[in-house]
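Listing of input32.txt; format and content: compact mmCIF, C-alpha atoms.
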```
# COMPACT_ATOMS: atom_id res chain seq x y z
CA MET X 1 -13.12 22.66 -11.18
CA ASN X 2 -13.64 21.01 -14.56
CA PRO X 3 -17.45 20.92 -15.00
CA SER X 4 -17.27 17.49 -16.63
CA ILE X 5 -16.01 15.95 -13.36
CA ARG X 6 -18.80 14.05 -11.62
CA TYR X 7 -16.77 12.00 -9.15
CA LEU X 8 -13.85 12.67 -6.80
CA ILE X 9 -11.90 9.52 -5.97
CA GLY X 10 -9.24 9.00 -3.31
CA VAL X 11 -6.99 5.93 -3.46
CA ASP X 12 -4.70 4.58 -0.74
CA GLY X 13 -2.60 1.68 -2.01
CA GLY X 14 0.06 -0.43 -0.36
CA GLY X 15 1.62 -3.86 -0.34
CA THR X 16 -1.33 -5.55 1.34
CA GLY X 17 -4.41 -3.79 0.00
CA THR X 18 -6.06 -0.85 -1.74
CA ARG X 19 -8.70 1.39 -0.19
CA ILE X 20 -10.88 3.75 -2.20
CA ARG X 21 -13.21 6.56 -1.15
CA LEU X 22 -15.75 7.58 -3.80
CA ASN X 23 -17.29 11.05 -3.50
CA ALA X 24 -19.64 13.08 -5.66
CA ALA X 25 -18.30 16.25 -7.28
CA ASP X 26 -19.63 18.32 -4.36
CA GLY X 27 -17.59 16.20 -1.93
CA SER X 28 -20.47 14.19 -0.50
CA PRO X 29 -19.43 10.56 0.18
CA LEU X 30 -20.92 7.79 -1.94
CA ALA X 31 -19.01 4.61 -1.10
CA GLN X 32 -15.84 3.02 0.22
CA SER X 33 -14.24 -0.18 -1.02
CA GLU X 34 -11.18 -2.35 -0.41
CA GLY X 35 -9.25 -4.53 -2.81
CA GLY X 36 -5.93 -6.19 -3.52
CA ALA X 37 -2.44 -4.75 -3.23
CA SER X 38 -1.41 -1.85 -5.50
CA ALA X 39 2.15 -1.11 -4.36
CA LEU X 40 4.17 -0.22 -7.44
CA SER X 41 6.90 -2.66 -6.38
CA LEU X 42 4.50 -5.51 -7.20
CA GLY X 43 4.26 -4.43 -10.84
CA ILE X 44 2.74 -1.41 -12.58
CA GLY X 45 0.11 -3.41 -14.43
CA LYS X 46 -0.92 -5.22 -11.25
CA ALA X 47 -1.20 -1.88 -9.43
CA TRP X 48 -3.56 -0.47 -12.06
CA GLN X 49 -5.56 -3.71 -12.08
CA ALA X 50 -6.07 -3.46 -8.32
CA VAL X 51 -7.04 0.23 -8.52
CA ARG X 52 -9.54 -0.29 -11.35
CA SER X 53 -11.07 -3.39 -9.74
CA THR X 54 -11.47 -1.66 -6.37
CA LEU X 55 -12.90 1.44 -8.05
CA ASN X 56 -15.45 -0.63 -9.96
CA ASP X 57 -16.46 -2.23 -6.66
CA ALA X 58 -16.95 1.23 -5.13
CA PHE X 59 -19.36 2.22 -7.91
CA GLU X 60 -21.19 -1.08 -7.47
CA GLN X 61 -21.55 -0.46 -3.74
CA ALA X 62 -22.91 3.01 -4.51
CA GLY X 63 -25.46 1.48 -6.89
CA LEU X 64 -24.01 3.42 -9.81
CA PRO X 65 -22.82 2.35 -13.25
CA VAL X 66 -19.11 2.70 -13.84
CA PRO X 67 -18.78 6.06 -15.66
CA PRO X 68 -16.37 7.07 -18.41
CA VAL X 69 -12.99 7.85 -16.86
CA HIS X 70 -13.08 11.45 -18.14
CA GLU X 71 -15.84 12.11 -15.57
CA CYS X 72 -13.54 11.12 -12.69
CA ALA X 73 -10.80 13.00 -10.81
CA LEU X 74 -8.39 10.59 -9.17
CA GLY X 75 -5.96 11.27 -6.31
CA LEU X 76 -3.67 8.37 -5.49
CA GLY X 77 -1.31 7.77 -2.58
CA LEU X 78 0.64 4.64 -3.47
CA SER X 79 3.57 2.78 -2.00
CA GLY X 80 6.54 2.87 -4.36
CA VAL X 81 6.03 6.35 -5.82
CA HIS X 82 9.48 7.29 -4.47
CA ASN X 83 10.85 5.31 -7.40
CA LYS X 84 10.55 7.87 -10.18
CA GLN X 85 10.72 5.27 -12.94
CA TRP X 86 7.83 3.30 -11.43
CA ALA X 87 5.82 6.49 -10.95
CA SER X 88 6.46 7.54 -14.56
CA GLU X 89 5.43 4.12 -15.86
CA PHE X 90 2.30 4.19 -13.72
CA LYS X 91 1.26 7.58 -15.10
CA ALA X 92 2.03 6.46 -18.66
CA LEU X 93 -0.44 3.58 -18.31
CA ALA X 94 -3.17 5.77 -16.79
CA PRO X 95 -6.53 5.95 -18.53
CA ASP X 96 -7.67 9.43 -19.57
CA PHE X 97 -9.06 10.61 -16.23
CA ALA X 98 -10.18 14.25 -16.01
CA GLU X 99 -7.53 14.77 -13.31
CA LEU X 100 -4.87 12.47 -11.89
CA ARG X 101 -2.60 13.33 -8.97
CA LEU X 102 -0.03 10.83 -7.70
CA ALA X 103 1.92 10.96 -4.42
CA THR X 104 3.36 8.55 -1.87
CA ASP X 105 0.91 6.88 0.46
CA GLY X 106 2.82 8.39 3.39
CA TYR X 107 2.33 11.95 2.14
CA THR X 108 -1.37 11.50 1.42
CA THR X 109 -1.80 9.97 4.89
CA LEU X 110 -0.18 13.09 6.34
CA LEU X 111 -2.48 15.40 4.36
CA GLY X 112 -5.56 13.40 5.23
CA ALA X 113 -4.79 13.06 8.93
CA HIS X 114 -4.39 16.81 9.43
CA GLY X 115 -6.64 18.19 6.71
CA GLY X 116 -3.68 19.64 4.85
CA GLN X 117 -2.51 21.55 7.92
CA PRO X 118 0.88 21.16 9.70
CA GLY X 119 1.24 17.93 11.63
CA ILE X 120 3.07 14.64 12.01
CA ILE X 121 2.15 11.02 11.29
CA VAL X 122 3.77 7.61 11.64
CA ALA X 123 2.17 5.07 9.31
CA LEU X 124 2.61 1.33 9.91
CA GLY X 125 1.32 -1.22 7.42
CA THR X 126 3.17 -3.65 5.19
CA GLY X 127 5.84 -0.92 5.29
CA SER X 128 6.44 2.02 7.61
CA ILE X 129 7.18 5.74 7.31
CA GLY X 130 7.15 8.97 9.30
CA GLU X 131 6.06 12.28 7.75
CA ALA X 132 5.92 15.87 8.98
CA LEU X 133 4.44 19.02 7.42
CA TYR X 134 5.65 22.26 9.03
CA SER X 135 3.98 25.65 9.33
CA ASP X 136 6.38 27.18 6.77
CA GLY X 137 5.18 24.63 4.19
CA SER X 138 8.30 22.47 4.32
CA HIS X 139 7.96 18.71 4.45
CA ARG X 140 10.16 16.04 6.03
CA GLU X 141 10.09 12.28 5.62
CA VAL X 142 11.90 9.58 7.60
CA GLY X 143 11.98 5.85 6.97
CA GLY X 144 10.05 4.43 4.06
CA TRP X 145 13.18 2.83 2.62
CA GLY X 146 11.28 -0.33 1.81
CA TYR X 147 11.74 -4.04 2.27
CA PRO X 148 14.08 -5.68 3.13
CA SER X 149 16.54 -3.07 4.41
CA GLY X 150 14.10 -0.55 5.92
CA ASP X 151 10.50 -0.17 7.11
CA GLU X 152 11.25 -0.81 10.78
CA ALA X 153 8.22 -1.86 12.87
CA SER X 154 6.18 -2.61 9.74
CA GLY X 155 4.25 -5.80 9.16
CA ALA X 156 6.89 -7.06 6.72
CA TRP X 157 9.70 -6.26 9.17
CA LEU X 158 7.94 -8.00 12.08
CA GLY X 159 7.02 -11.01 9.97
CA GLN X 160 10.55 -11.38 8.67
CA ARG X 161 11.90 -11.41 12.21
CA ALA X 162 9.31 -13.97 13.29
CA ALA X 163 10.46 -16.16 10.39
CA GLN X 164 14.10 -15.72 11.45
CA LEU X 165 13.33 -16.80 15.02
CA THR X 166 11.50 -19.84 13.68
CA GLN X 167 14.44 -20.79 11.46
CA MET X 168 16.79 -20.47 14.44
CA ALA X 169 14.54 -22.77 16.48
CA LEU X 170 14.52 -25.32 13.66
CA ASP X 171 18.33 -25.15 13.60
CA GLY X 172 18.49 -25.73 17.38
CA ARG X 173 20.06 -22.31 17.95
CA ARG X 174 17.22 -21.30 20.26
CA ASN X 175 14.25 -22.94 21.92
CA HIS X 176 10.86 -23.02 20.25
CA SER X 177 8.22 -20.66 21.64
CA PRO X 178 4.46 -20.27 21.07
CA LEU X 179 5.35 -17.71 18.38
CA THR X 180 7.79 -19.93 16.47
CA ARG X 181 5.44 -22.92 16.69
CA ALA X 182 2.60 -20.77 15.29
CA VAL X 183 4.80 -19.53 12.44
CA LEU X 184 5.91 -23.07 11.63
CA GLU X 185 2.32 -24.30 11.56
CA PHE X 186 1.35 -21.35 9.33
CA VAL X 187 3.99 -22.15 6.69
CA GLY X 188 3.28 -25.88 6.58
CA GLY X 189 4.60 -27.54 9.71
CA ASP X 190 8.16 -28.68 9.06
CA TRP X 191 11.68 -27.67 7.98
CA GLN X 192 11.06 -28.25 4.27
CA ALA X 193 7.82 -26.24 4.33
CA MET X 194 9.64 -23.37 6.06
CA MET X 195 12.38 -23.47 3.42
CA ASN X 196 9.88 -23.50 0.55
CA TRP X 197 7.78 -20.67 2.00
CA ASN X 198 10.77 -18.49 2.82
CA GLY X 199 12.13 -18.81 -0.70
CA ARG X 200 9.09 -17.20 -2.29
CA ALA X 201 7.76 -14.92 0.47
CA THR X 202 6.89 -11.34 -0.50
CA PRO X 203 6.69 -8.34 1.86
CA SER X 204 2.90 -8.71 2.07
CA GLN X 205 3.21 -12.41 2.92
CA PHE X 206 5.68 -11.60 5.70
CA ALA X 207 3.24 -8.96 6.94
```

Mind turning the file's structure into C-alpha cells?
Amino acid sequence: MNPSIRYLIGVDGGGTGTRIRLNAADGSPLAQSEGGASALSLGIGKAWQAVRSTLNDAFEQAGLPVPPVHECALGLGLSGVHNKQWASEFKALAPDFAELRLATDGYTTLLGAHGGQPGIIVALGTGSIGEALYSDGSHREVGGWGYPSGDEASGAWLGQRAAQLTQMALDGRRNHSPLTRAVLEFVGGDWQAMMNWNGRATPSQFA
C-alpha cells in the first residue's frame, strides 16, 4: 500500500443518505458518520458535497483534523454509478485522493456483507437491487433499474404507491383508509396540497 496513505475510507451513498466508515491505515476503526444524499442522479456536485461534508464530520467525530486528501484512500459505493456518464463526471471532479475506487452501492453491499466471498444480497433503501457473487468469480445483478420504472419494494416504490392510493381516494375512486389519511396529512391536508407535493416529489421524498 502507498506509504503516504494514513486513512482508509468507505462510503455508502444513496438517494436518502450517505454513510461513511473512517479507518486508520492499519484497518482499525476511527469513526462513522451519516449525512445527506449522494446518489449521482441528484447531481454530481451535490453528491461530492454530501461525501465531503460527511467525511469532514467523521474526522470531527474521531477528534482529528481533516487531512490533505492525498493521505486518504477512498472506496465509494454510490447509487447511479450504472450511468457511465455520471460515473465519469464524478471521477473527473474528484479531489486528488491517494486512491479512489468507485462502484455501485449494490456491489459494495454484496462485498461487505460476505467479506468478498461468494454470496447473495437484496438491498432495499430509496431504491432496490439484488446482487450475487458466485464461486467462479462471476457476478449477477437484478433490479436496480431506478425510479420510476424499477426498484420494486424500495422506499420510493412504496411511497409512490401510497401517493397513488391517496389520489384515488381524493378522486372518490376508492375509500379513504388510515394510510391514505396519513399520507394526505403528511403532504398538507387537502387536494391542492397533494397536487403541489406530487408535482415536485423526488424519489427520496417518496421514500

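Nearest to Glu89 (chain X) of all the residues X:Ala31, X:Ile44, X:Leu184, X:Ile129 is X:Ile44, counting only C-alpha atoms.
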
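Between CA of His139 (chain X) and CA of Ala123 (chain X) the separation is 15.6 Å.
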
Item checked: Separation of CA of Pro95 (chain X) from CA of Gly45 (chain X), in Å and rounded to one decimal -> 12.2 Å

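Point (-10.1, 18.5, -14.0) has the following residues at most 9 Å away: Met1, Asn2, Pro3, Ser4, Ile5, His70, Glu71, Cys72, Ala73, Phe97, Ala98, Glu99 and Leu100 of chain X (atoms considered: only C-alpha atoms).
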
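Between CA of Lys91 (chain X) and CA of Ser204 (chain X) the interatomic distance comes to 23.7 Å.
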
Next item on the list: Name the residues in contact with region 143-159 of chain X at a cut-off of 6 Å, using only C-alpha atoms, excluding same-chain residues fewer than 6 positions from it; report them as a VMD selection string.
Entry: chain X and resid 124 to 129 203 206 to 207

Item checked: Residues within 10 Å of (-8.4, 8.7, -6.3), file coords, all atoms listed in the file, listed as a count of residues only -> 23

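Residue nearest Gly17 (chain X), chosen from X:Ala58, X:Val66, X:Gln85, X:Leu78 and counting all atoms listed in the file: X:Leu78.
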
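Within 10 Å of Thr166 (chain X), once all atoms listed in the file are used and residues closer than 2 positions along the same chain are dropped, the contacting residues are Gln160, Arg161, Ala162, Ala163, Gln164, Met168, Ala169, Leu170, Asp171, Gly172, Arg173, Arg174, Asn175, His176, Ser177, Leu179, Thr180, Arg181, Ala182, Val183, Leu184, Trp191 and Met194 of chain X.
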
Next item on the list: Could you tell me which of X:Lys46, X:Arg52, X:His114, X:Arg6 comes closest to Leu133 (chain X) if we count only C-alpha atoms?
Entry: X:His114
